[in-house]
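Chemist: Supplied in structure tokens, the structure appears directly below.
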Amino acid sequence: MASKIKTLSLFCGCGGMDLGIVGGFEYLGKRYPKLPYEIMLAVDNDPYCTQIYNENFKTKCEIRDVKALDEKTLDDFDLLIGGFPCQSFSISAQNPPRLGYKDDRGKLFFEMVRILKEKHPRAFIAENVKGLLSANKGKAFPMIIKEFEKAGYHVVYKLLTASEYGVPQRRERVIIVGFKDECDLKSFNYPNSVRNKHVLGDVIDESANHEDKWFFSEKAVAGMMNVREKMNKGRAQALDEPCNTISSHLAKVSLNSTDPVLFYEGRYRRFTPREAARIQSFPETFALDAVSEARQYKAIGNAVPPVMMWHIAKALSEALAEEQ
């Protein structure tokens, strides 16, 4: 293996997967060293996520439709990564209701398969929501695995929980890993959980507790209280535990939903964008200000937690480094 594992990043968003792959950052007092990866090309079709990405990475993200990528003109690379769009597979997606791979967004994993078939990199990592496992009455996921296998890969998958890897969030994600060489597969093990667990209280900005802009109005609270017991609303998070999963619609977070919120001195408030980034395990040095707060929330909520990804990437690099 060359000194650097050349990586193509699809659906990169604001760069959670990519930051985890590259490493070289600090989070909550712990250093996550650089890993032997080099992002050779990053692609996403969201111009706002791309602005955030380009503020934080040496390799600049290209605003492109993945379907328009000509796989035949791509330079060779070693690893393909991508959190292919997951709205279609999400358990919480109700409009339209869990269409899975029948929905156009659910078909985008085929773009990863298409590039794998043409370029034959040594490995790939794909990420998606827990709902992928049961989408379309359990029919979608086996089909997806079969397509990756038909592209010539030995494939494994595991449902990982971010809080097991030093992230203060109970975010569950399916991590699919594939290898061209069966020997690489035999050398690979998903990372073990870590000792340095974190809780929500570790990442809260106390100053935000004194800024009215983050608190819900009295009208919103009164409406929630009317249905709180019956509907289990107003889901205030315990500071001594990991947070429930944050989502891409944090800018429109509601007390009448399953969104996690904070309760401080008798008042409810939303997370600030920086708190949301911390919950996702982005370091303080990760710049967000290139876009509006609403765009920050969306980008952060859709991201892969960098710290969890770092552990996965480290395990993969160790497998690829083993002499066969």
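By convention here, the chains of the structure tokens are called A, B, ... in the order presented, each chain's residues are numbered starting at 1, and ligands are numbered starting at 1 in the order presented.
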Residues of segment 172-302 of chain A in strand (DSSP E or B) according to DSSP, as a count of residues only?

Modeler: 18

Chemist: Can you pull out every residue within 7 Å of Asp240 of chain A, counting only C-alpha atoms, but drop anything in the same chain fewer than 3 positions away, and send it as a ChimeraX atom specification?

Modeler: /A:199-201

Chemist: Separation of atom CA of Val304 of chain A and atom CA of Gly29 of chain A, in Å?

Modeler: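 Interatomic distance, atom CA of Val304 of chain A to atom CA of Gly29 of chain A: 20.2 Å.
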
Chemist: Write out as a short mmCIF file (atom, residue, chain, number, x, y, z; two decimals) with C-alpha atoms, in the first residue's frame each polymer residue whose atoms come within 6 Å of segment 60-69 of chain A, counting only C-alpha atoms; drop sequence neighbours fewer than 6 positions from it.

Modeler:
```
data_model
loop_
_atom_site.label_atom_id
_atom_site.label_comp_id
_atom_site.auth_asym_id
_atom_site.auth_seq_id
_atom_site.Cartn_x
_atom_site.Cartn_y
_atom_site.Cartn_z
CA ALA A 42 -14.91 15.32 -2.80
CA VAL A 43 -18.33 15.79 -4.40
CA ASP A 44 -21.69 17.07 -3.15
CA ASN A 45 -24.63 18.83 -4.79
CA THR A 50 -19.83 22.77 0.11
CA ASN A 54 -14.23 24.30 1.64
#
```

Chemist: Quick check for you: according to DSSP on this backbone, which residues of segment 62-283 of chain A are classed as helix (DSSP H, G or I)? Reply as a PyMOL selection string.

Modeler: chain A and resi 66-68+71-73+87-89+100-102+104-107+109-119+130-133+135-138+140-150+162-165+182-187+200-202+206-210+212-214+218-231+250-252+273-279

Chemist: Can you build me a table of segment 191-309 of chain A residues sitting at most 9 Å from segment 3-23 of chain A, with the closest atom pair per residue and its distance in Å to one decimal, using only C-alpha atoms, sorted by chain and residue number, as a tab-separated table?

Modeler:
```
residue	atom	partner	partner_atom	distance
A:Gln280	CA	A:Gly16	CA	8.6
A:Ser281	CA	A:Gly16	CA	8.9
A:Phe282	CA	A:Gly16	CA	7.6
A:Ala299	CA	A:Cys14	CA	5.9
A:Ile300	CA	A:Cys14	CA	7.2
A:Asn302	CA	A:Gly13	CA	7.5
A:Ala303	CA	A:Gly16	CA	5.2
A:Val304	CA	A:Gly16	CA	4.8
A:Pro305	CA	A:Gly16	CA	5.7
A:Pro306	CA	A:Gly20	CA	4.2
A:Val307	CA	A:Gly20	CA	5.9
A:Met308	CA	A:Gly20	CA	7.3
A:Met309	CA	A:Gly20	CA	4.7
```

Chemist: Store the residues of this selection in a file with all heavy atoms, as an mmCIF file, in the first residue's frame.

Modeler:
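And here is the file that came out, out_32.cif:
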```
data_model
loop_
_atom_site.group_PDB
_atom_site.id
_atom_site.type_symbol
_atom_site.label_atom_id
_atom_site.label_comp_id
_atom_site.auth_asym_id
_atom_site.auth_seq_id
_atom_site.Cartn_x
_atom_site.Cartn_y
_atom_site.Cartn_z
ATOM 1 N N GLN A 280 -22.165 16.348 17.613
ATOM 2 C CA GLN A 280 -21.761 15.501 16.496
ATOM 3 C C GLN A 280 -20.263 15.176 16.521
ATOM 4 O O GLN A 280 -19.775 14.429 15.677
ATOM 5 C CB GLN A 280 -22.105 16.174 15.170
ATOM 6 C CG GLN A 280 -23.578 16.067 14.782
ATOM 7 C CD GLN A 280 -23.880 14.741 14.131
ATOM 8 O OE1 GLN A 280 -23.667 13.683 14.705
ATOM 9 N NE2 GLN A 280 -24.383 14.789 12.908
ATOM 10 N N SER A 281 -19.538 15.764 17.465
ATOM 11 C CA SER A 281 -18.092 15.557 17.678
ATOM 12 C C SER A 281 -17.207 16.325 16.712
ATOM 13 O O SER A 281 -16.056 15.955 16.497
ATOM 14 C CB SER A 281 -17.712 14.066 17.680
ATOM 15 O OG SER A 281 -17.698 13.472 16.396
ATOM 16 N N PHE A 282 -17.713 17.432 16.145
ATOM 17 C CA PHE A 282 -16.844 18.320 15.387
ATOM 18 C C PHE A 282 -15.980 19.123 16.371
ATOM 19 O O PHE A 282 -16.471 19.568 17.411
ATOM 20 C CB PHE A 282 -17.667 19.291 14.539
ATOM 21 C CG PHE A 282 -18.222 18.681 13.285
ATOM 22 C CD1 PHE A 282 -19.499 18.137 13.276
ATOM 23 C CD2 PHE A 282 -17.463 18.633 12.119
ATOM 24 C CE1 PHE A 282 -20.019 17.563 12.124
ATOM 25 C CE2 PHE A 282 -17.979 18.071 10.954
ATOM 26 C CZ PHE A 282 -19.248 17.525 10.955
ATOM 27 N N ALA A 299 -26.607 21.162 7.711
ATOM 28 C CA ALA A 299 -25.363 20.472 7.373
ATOM 29 C C ALA A 299 -24.871 19.608 8.532
ATOM 30 O O ALA A 299 -24.469 18.449 8.343
ATOM 31 C CB ALA A 299 -24.294 21.499 6.989
ATOM 32 N N ILE A 300 -24.918 20.147 9.731
ATOM 33 C CA ILE A 300 -24.442 19.418 10.911
ATOM 34 C C ILE A 300 -25.322 18.206 11.189
ATOM 35 O O ILE A 300 -24.844 17.108 11.475
ATOM 36 C CB ILE A 300 -24.414 20.360 12.135
ATOM 37 C CG1 ILE A 300 -23.355 21.438 11.953
ATOM 38 C CG2 ILE A 300 -24.148 19.560 13.417
ATOM 39 C CD1 ILE A 300 -23.535 22.613 12.898
ATOM 40 N N ASN A 302 -27.017 16.403 9.213
ATOM 41 C CA ASN A 302 -26.870 15.339 8.220
ATOM 42 C C ASN A 302 -25.497 14.663 8.260
ATOM 43 O O ASN A 302 -25.278 13.678 7.549
ATOM 44 C CB ASN A 302 -27.094 15.899 6.809
ATOM 45 C CG ASN A 302 -28.565 16.019 6.457
ATOM 46 O OD1 ASN A 302 -29.393 15.236 6.931
ATOM 47 N ND2 ASN A 302 -28.904 16.994 5.632
ATOM 48 N N ALA A 303 -24.593 15.193 9.052
ATOM 49 C CA ALA A 303 -23.201 14.740 9.007
ATOM 50 C C ALA A 303 -22.993 13.412 9.740
ATOM 51 O O ALA A 303 -23.783 13.003 10.585
ATOM 52 C CB ALA A 303 -22.290 15.807 9.604
ATOM 53 N N VAL A 304 -21.885 12.761 9.392
ATOM 54 C CA VAL A 304 -21.395 11.597 10.127
ATOM 55 C C VAL A 304 -20.501 12.121 11.248
ATOM 56 O O VAL A 304 -19.651 12.984 11.002
ATOM 57 C CB VAL A 304 -20.580 10.671 9.204
ATOM 58 C CG1 VAL A 304 -19.996 9.498 9.972
ATOM 59 C CG2 VAL A 304 -21.457 10.178 8.056
ATOM 60 N N PRO A 305 -20.657 11.648 12.495
ATOM 61 C CA PRO A 305 -19.791 12.123 13.577
ATOM 62 C C PRO A 305 -18.321 11.839 13.277
ATOM 63 O O PRO A 305 -17.931 10.679 13.107
ATOM 64 C CB PRO A 305 -20.282 11.322 14.794
ATOM 65 C CG PRO A 305 -21.693 10.954 14.471
ATOM 66 C CD PRO A 305 -21.706 10.730 12.985
ATOM 67 N N PRO A 306 -17.486 12.872 13.179
ATOM 68 C CA PRO A 306 -16.085 12.655 12.822
ATOM 69 C C PRO A 306 -15.337 11.708 13.744
ATOM 70 O O PRO A 306 -14.511 10.910 13.275
ATOM 71 C CB PRO A 306 -15.490 14.071 12.891
ATOM 72 C CG PRO A 306 -16.649 14.987 12.669
ATOM 73 C CD PRO A 306 -17.813 14.298 13.302
ATOM 74 N N VAL A 307 -15.599 11.779 15.042
ATOM 75 C CA VAL A 307 -14.866 10.921 15.982
ATOM 76 C C VAL A 307 -15.207 9.450 15.757
ATOM 77 O O VAL A 307 -14.318 8.587 15.760
ATOM 78 C CB VAL A 307 -15.142 11.348 17.442
ATOM 79 C CG1 VAL A 307 -14.684 10.268 18.417
ATOM 80 C CG2 VAL A 307 -14.429 12.665 17.744
ATOM 81 N N MET A 308 -16.479 9.136 15.554
ATOM 82 C CA MET A 308 -16.843 7.746 15.252
ATOM 83 C C MET A 308 -16.184 7.302 13.952
ATOM 84 O O MET A 308 -15.657 6.185 13.847
ATOM 85 C CB MET A 308 -18.359 7.592 15.159
ATOM 86 C CG MET A 308 -18.790 6.137 14.921
ATOM 87 S SD MET A 308 -20.592 5.884 14.917
ATOM 88 C CE MET A 308 -21.006 6.476 13.274
ATOM 89 N N MET A 309 -16.198 8.188 12.944
ATOM 90 C CA MET A 309 -15.599 7.844 11.666
ATOM 91 C C MET A 309 -14.100 7.643 11.797
ATOM 92 O O MET A 309 -13.520 6.792 11.107
ATOM 93 C CB MET A 309 -15.911 8.939 10.647
ATOM 94 C CG MET A 309 -15.521 8.573 9.221
ATOM 95 S SD MET A 309 -16.464 7.145 8.622
ATOM 96 C CE MET A 309 -15.405 6.606 7.292
#
```

Chemist: Counting only C-alpha atoms, which residues in segment 273-315 of chain A sit no more than 12 Å from segment 259-266 of chain A? For each one, give the nearest pair of atoms and the distance in Å, sorted by chain then residue number, as a tab-separated table.

Modeler:
```
residue	atom	partner	partner_atom	distance
A:Glu275	CA	A:Leu262	CA	11.2
A:Ala276	CA	A:Pro260	CA	10.7
A:Ile279	CA	A:Pro260	CA	11.4
A:Gly301	CA	A:Asp259	CA	11.6
```

Chemist: Counting only C-alpha atoms, what is within 12 Å of Pro273 of chain A, bar same-chain residues fewer than 4 positions away, as a PyMOL selection string?

Modeler: chain A and resi 203-205+208+214+246-251+277-280+282+284+286-289+291-301

Chemist: Quick one: residues within 8 Å of Ala126 of chain A, only C-alpha atoms counted, chain neighbours fewer than 4 positions away excluded, as a PyMOL selection string?

Modeler: chain A and resi 81-84+175-177

Chemist: Which value, in Å to one decimal, gives the distance between atom CA of Arg31 of chain A and atom CA of Leu79 of chain A?

Modeler: 24.1 Å
